[in-house]
Structure formats: structure tokens, C-alpha cells
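First the structure, in the form of C-alpha cells, and then the observations on it.
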Amino acid sequence: MRADQLATVTLDGEVVEGNLGPESTEIIAMHSTVYATRPDVAAIIHTHSPAATAFALAHQPLPCRAEPLLRFGQAKPVPVVAWGPRGSEVSVRSIASVLAEHPTTNAVLLANHGLLAFAVVSGR
Ligand SMILES: [Zn+2]
């Protein structure tokens with residue numbers, strides 16, 4: 001990723017700096033709902049990592065069996081958000097619902113899609 005591919009946006013999706021193409025604009029709410037639900041989250045990464053996406057395609061929570069998950073505070077399985085079209089209201093509502101059910105998770109699998117992983121800052 002290059003610096004010219006980055007943009008600063010408000011939680012409502014208004015571009016403050018930089019440029020976003022339509023393919024990026026449609027996923028802003030997917031990120032902003034995490035920030036709105038979890039004030040302790042300082043950063044979010046969305047990825048289509050093949051390993052994580054395999055669990056998302058299978059609609060299976062990612063079990064906490066790898067030491068790095070524990071080191072980064074993920075003591076419980078990474079939950080799966082039910083499928084909804086990318087960036088849709090259904091998808092965003094489902095993300096918020098799973099976060100409400102799993103208030104300490106540091107990631108969610110997006111069914112048939114990929115992963116959202118969060119960096120949490122303690123004391124926020
Ligand atoms: Zn994606």
C-alpha cells in the first residue's frame with residue numbers, strides 16, 4: 001500500500017483528506033461501526049488472508065489455538081458475522097450485533113468474505 005492510496009474520513013464517511021474510489025467508500029461503515037461500538041479500538045485492518053478467509057468461507061469461528069492470539073488478547077474464538085453484501089446495511093448491522101455479543105473480541109470473521117482485526121488501546 002502506498003501513501004497516495006490512503007484517505008482520512010469521518011465516521012460518517014465524509015472524505016477529509018485524500019481520495020477514495022467507490023470500492024473503498026462502500027466499506028467505510030463496516031469500519032466505522034466497529035469504532036462506534038468499541039471505543040477502545042484504535043485501528044482496524046480488513047484482510048482477505050487465505051487462512052482466515054478459509055474459516056470465513058466455512059462459517060466457522062477461528063479457535064484460539066495459536067499462541068499469538070492469546071498474546072494479542074484474543075482468548076476466545078474469533079466469531080463469525082453472518083454474510084451480507086459487502087458494505088451493506090445488513091452486513092454493518094450484523095457486525096454490530098456480533099460485537100455486542102462478543103464485547104472483548106479483537107477480530108470478527110466476515111462470512112464468505114474475510115477478516116476485520118482490531119488494535120485495542122487500553123485505557124481508552
Ligand atoms: Zn473485503
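Ligands are numbered from 1 in the order shown, chains are lettered A, B, ... in the order of the C-alpha cells, and residues start at 1 in each chain.
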Output the neighbourhood of ligand 1 as a PyMOL selection string, that is, all protein and nucleic acid residues with some atom at most 7 Å from the ligand, counting only C-alpha atoms and all ligand atoms. chain A and resi 46-48+113-114
Based on DSSP run over this structure's backbone, return all residues of chain A in strand (DSSP E), as a ChimeraX atom specification. /A:8-9,15-17,41-47,80-81,107-110,114-120
Next, the residues of the selection above should be written as a short mmCIF file (atom, residue, chain, number, x, y, z; two decimals), in the first residue's frame with N, CA and C atoms.
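The resulting file, selection-v2.cif, is shown below:
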data_model
loop_
_atom_site.label_atom_id
_atom_site.label_comp_id
_atom_site.auth_asym_id
_atom_site.auth_seq_id
_atom_site.Cartn_x
_atom_site.Cartn_y
_atom_site.Cartn_z
N THR A 8 -8.26 10.13 4.78
CA THR A 8 -8.82 10.37 6.10
C THR A 8 -10.30 10.63 5.91
N VAL A 9 -11.13 9.91 6.65
CA VAL A 9 -12.58 10.05 6.54
C VAL A 9 -13.19 10.19 7.92
N VAL A 15 -15.00 12.32 3.19
CA VAL A 15 -13.56 12.32 2.95
C VAL A 15 -13.00 13.67 3.37
N VAL A 16 -12.06 13.67 4.32
CA VAL A 16 -11.43 14.88 4.83
C VAL A 16 -10.14 15.16 4.07
N GLU A 17 -9.42 14.09 3.72
CA GLU A 17 -8.16 14.24 3.02
C GLU A 17 -7.92 13.01 2.15
N VAL A 41 -11.02 0.63 20.47
CA VAL A 41 -10.36 0.27 19.21
C VAL A 41 -9.71 1.51 18.59
N ALA A 42 -8.40 1.38 18.29
CA ALA A 42 -7.65 2.50 17.71
C ALA A 42 -7.36 2.31 16.23
N ALA A 43 -7.42 1.08 15.74
CA ALA A 43 -7.14 0.82 14.33
C ALA A 43 -7.82 -0.48 13.93
N ILE A 44 -8.14 -0.57 12.65
CA ILE A 44 -8.79 -1.77 12.11
C ILE A 44 -8.10 -2.15 10.81
N ILE A 45 -7.88 -3.42 10.65
CA ILE A 45 -7.35 -3.93 9.38
C ILE A 45 -8.37 -4.90 8.81
N HIS A 46 -8.68 -4.74 7.53
CA HIS A 46 -9.54 -5.69 6.83
C HIS A 46 -8.66 -6.45 5.86
N THR A 47 -8.74 -7.76 5.90
CA THR A 47 -7.88 -8.57 5.05
C THR A 47 -8.65 -9.76 4.48
N VAL A 80 -17.96 -15.38 13.95
CA VAL A 80 -18.32 -15.20 12.53
C VAL A 80 -19.53 -14.28 12.44
N VAL A 81 -19.44 -13.27 11.59
CA VAL A 81 -20.56 -12.39 11.27
C VAL A 81 -21.30 -12.99 10.08
N ALA A 107 -11.29 -9.34 16.84
CA ALA A 107 -11.46 -9.59 15.41
C ALA A 107 -12.81 -10.25 15.18
N VAL A 108 -13.32 -10.12 13.97
CA VAL A 108 -14.50 -10.88 13.55
C VAL A 108 -14.23 -11.40 12.14
N LEU A 109 -14.71 -12.62 11.89
CA LEU A 109 -14.68 -13.17 10.54
C LEU A 109 -15.95 -12.73 9.84
N LEU A 110 -15.84 -12.29 8.60
CA LEU A 110 -17.00 -11.90 7.80
C LEU A 110 -17.32 -13.07 6.88
N GLY A 114 -13.91 -12.34 4.60
CA GLY A 114 -12.55 -12.17 5.12
C GLY A 114 -12.57 -11.86 6.60
N LEU A 115 -11.70 -10.98 7.02
CA LEU A 115 -11.48 -10.72 8.45
C LEU A 115 -11.40 -9.23 8.71
N LEU A 116 -11.95 -8.81 9.86
CA LEU A 116 -11.70 -7.48 10.42
C LEU A 116 -10.98 -7.71 11.72
N ALA A 117 -9.77 -7.16 11.86
CA ALA A 117 -8.99 -7.30 13.09
C ALA A 117 -8.75 -5.92 13.67
N PHE A 118 -8.79 -5.81 14.99
CA PHE A 118 -8.74 -4.51 15.65
C PHE A 118 -7.49 -4.39 16.51
N ALA A 119 -6.94 -3.19 16.56
CA ALA A 119 -5.88 -2.87 17.54
C ALA A 119 -6.58 -2.15 18.68
N VAL A 120 -6.43 -2.68 19.86
CA VAL A 120 -7.10 -2.13 21.03
C VAL A 120 -6.08 -1.38 21.87
#
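Using only C-alpha atoms, the smallest distance between any of A:Asn112, A:Leu70, A:Pro85, A:Met30 and A:Ala54 comes from A:Asn112.
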Please provide as a count of residues only all residues within 12 Å of A:His102, with the sequence filter that same-chain residues fewer than 4 positions apart are discarded (counting only C-alpha atoms). 17
For a quick check of understanding, using only C-alpha atoms, which of A:Asp4, A:Glu67, A:Glu101, A:Glu14 has the smallest distance to A:Ser32?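 That would be A:Glu14, the residue with the smallest distance to A:Ser32.
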Shell around A:Ala29 at 12 Å using only C-alpha atoms, local window under 5 positions removed, as number ranges by chain: A: 9-14, 24, 34-37, 86-96
Selection above as a file: C-alpha atoms, as an mmCIF file, in the first residue's frame:
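Below is the file selection_29.cif, written as the result:
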data_model
loop_
_atom_site.group_PDB
_atom_site.id
_atom_site.type_symbol
_atom_site.label_atom_id
_atom_site.label_comp_id
_atom_site.auth_asym_id
_atom_site.auth_seq_id
_atom_site.Cartn_x
_atom_site.Cartn_y
_atom_site.Cartn_z
ATOM 1 C CA VAL A 9 -12.580 10.053 6.536
ATOM 2 C CA THR A 10 -15.103 10.881 9.217
ATOM 3 C CA LEU A 11 -17.138 8.146 10.870
ATOM 4 C CA ASP A 12 -19.993 9.228 8.584
ATOM 5 C CA GLY A 13 -17.867 8.574 5.516
ATOM 6 C CA GLU A 14 -17.008 12.156 4.541
ATOM 7 C CA SER A 24 -13.426 1.751 -0.796
ATOM 8 C CA VAL A 34 -16.500 -1.028 14.942
ATOM 9 C CA TYR A 35 -15.157 2.347 16.119
ATOM 10 C CA ALA A 36 -18.666 3.378 17.238
ATOM 11 C CA THR A 37 -19.260 0.126 19.113
ATOM 12 C CA ARG A 86 -20.095 -6.085 1.144
ATOM 13 C CA GLY A 87 -20.636 -2.779 2.957
ATOM 14 C CA SER A 88 -24.422 -3.206 3.040
ATOM 15 C CA GLU A 89 -26.621 -2.125 5.931
ATOM 16 C CA VAL A 90 -27.320 -5.809 6.643
ATOM 17 C CA SER A 91 -23.602 -6.519 6.872
ATOM 18 C CA VAL A 92 -22.922 -3.499 9.096
ATOM 19 C CA ARG A 93 -25.824 -4.349 11.435
ATOM 20 C CA SER A 94 -24.564 -7.919 11.695
ATOM 21 C CA ILE A 95 -21.067 -6.716 12.603
ATOM 22 C CA ALA A 96 -22.505 -4.504 15.370
#
Could you state the separation of atom CA of A:Ala82 and atom CA of A:Ala56 in Å, given to one decimal place?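 According to the coordinates, atom CA of A:Ala82 and atom CA of A:Ala56 are separated by 9.4 Å.
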Those of chain A in DSSP alpha helix (DSSP H), formatted as a VMD selection string: chain A and resid 22 to 25 28 to 37 50 to 58 67 to 71 89 to 101
Output of the above residues as a PDB file, in the first residue's frame, restricted to C-alpha atoms:
ATOM      1  CA  PRO A  22     -16.264   3.740  -4.882  1.00  0.00           C
ATOM      2  CA  GLU A  23     -14.963   0.283  -3.964  1.00  0.00           C
ATOM      3  CA  SER A  24     -13.426   1.751  -0.796  1.00  0.00           C
ATOM      4  CA  THR A  25     -16.244   4.163   0.009  1.00  0.00           C
ATOM      5  CA  ILE A  28     -16.386   2.785   5.415  1.00  0.00           C
ATOM      6  CA  ALA A  29     -19.450   1.880   7.503  1.00  0.00           C
ATOM      7  CA  MET A  30     -18.013  -1.590   8.028  1.00  0.00           C
ATOM      8  CA  HIS A  31     -15.102   0.067   9.832  1.00  0.00           C
ATOM      9  CA  SER A  32     -16.925   2.961  11.485  1.00  0.00           C
ATOM     10  CA  THR A  33     -19.433   0.644  13.176  1.00  0.00           C
ATOM     11  CA  VAL A  34     -16.500  -1.028  14.942  1.00  0.00           C
ATOM     12  CA  TYR A  35     -15.157   2.347  16.119  1.00  0.00           C
ATOM     13  CA  ALA A  36     -18.666   3.378  17.238  1.00  0.00           C
ATOM     14  CA  THR A  37     -19.260   0.126  19.113  1.00  0.00           C
ATOM     15  CA  PRO A  50      -6.288 -17.058   2.824  1.00  0.00           C
ATOM     16  CA  ALA A  51      -6.069 -18.774   6.215  1.00  0.00           C
ATOM     17  CA  ALA A  52      -8.614 -16.515   7.940  1.00  0.00           C
ATOM     18  CA  THR A  53     -10.849 -16.442   4.874  1.00  0.00           C
ATOM     19  CA  ALA A  54     -10.973 -20.261   4.867  1.00  0.00           C
ATOM     20  CA  PHE A  55     -12.704 -20.093   8.253  1.00  0.00           C
ATOM     21  CA  ALA A  56     -14.972 -17.283   6.979  1.00  0.00           C
ATOM     22  CA  LEU A  57     -15.949 -19.363   3.950  1.00  0.00           C
ATOM     23  CA  ALA A  58     -16.710 -22.321   6.211  1.00  0.00           C
ATOM     24  CA  GLU A  67      -0.140 -18.590  20.915  1.00  0.00           C
ATOM     25  CA  PRO A  68      -0.125 -15.214  19.092  1.00  0.00           C
ATOM     26  CA  LEU A  69      -3.906 -14.955  19.505  1.00  0.00           C
ATOM     27  CA  LEU A  70      -3.510 -15.144  23.270  1.00  0.00           C
ATOM     28  CA  ARG A  71      -0.572 -12.726  23.240  1.00  0.00           C
ATOM     29  CA  GLU A  89     -26.621  -2.125   5.931  1.00  0.00           C
ATOM     30  CA  VAL A  90     -27.320  -5.809   6.643  1.00  0.00           C
ATOM     31  CA  SER A  91     -23.602  -6.519   6.872  1.00  0.00           C
ATOM     32  CA  VAL A  92     -22.922  -3.499   9.096  1.00  0.00           C
ATOM     33  CA  ARG A  93     -25.824  -4.349  11.435  1.00  0.00           C
ATOM     34  CA  SER A  94     -24.564  -7.919  11.695  1.00  0.00           C
ATOM     35  CA  ILE A  95     -21.067  -6.716  12.603  1.00  0.00           C
ATOM     36  CA  ALA A  96     -22.505  -4.504  15.370  1.00  0.00           C
ATOM     37  CA  SER A  97     -24.637  -7.390  16.631  1.00  0.00           C
ATOM     38  CA  VAL A  98     -21.684  -9.802  16.859  1.00  0.00           C
ATOM     39  CA  LEU A  99     -19.593  -7.136  18.611  1.00  0.00           C
ATOM     40  CA  ALA A 100     -22.387  -6.710  21.168  1.00  0.00           C
ATOM     41  CA  GLU A 101     -22.404 -10.475  21.740  1.00  0.00           C
TER      42      GLU A 101
END
One number please: atom CA of A:Pro63 to atom CA of A:Met1, in Å, one decimal.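 Atom-to-atom, atom CA of A:Pro63 and atom CA of A:Met1 are spaced 29.5 Å apart.
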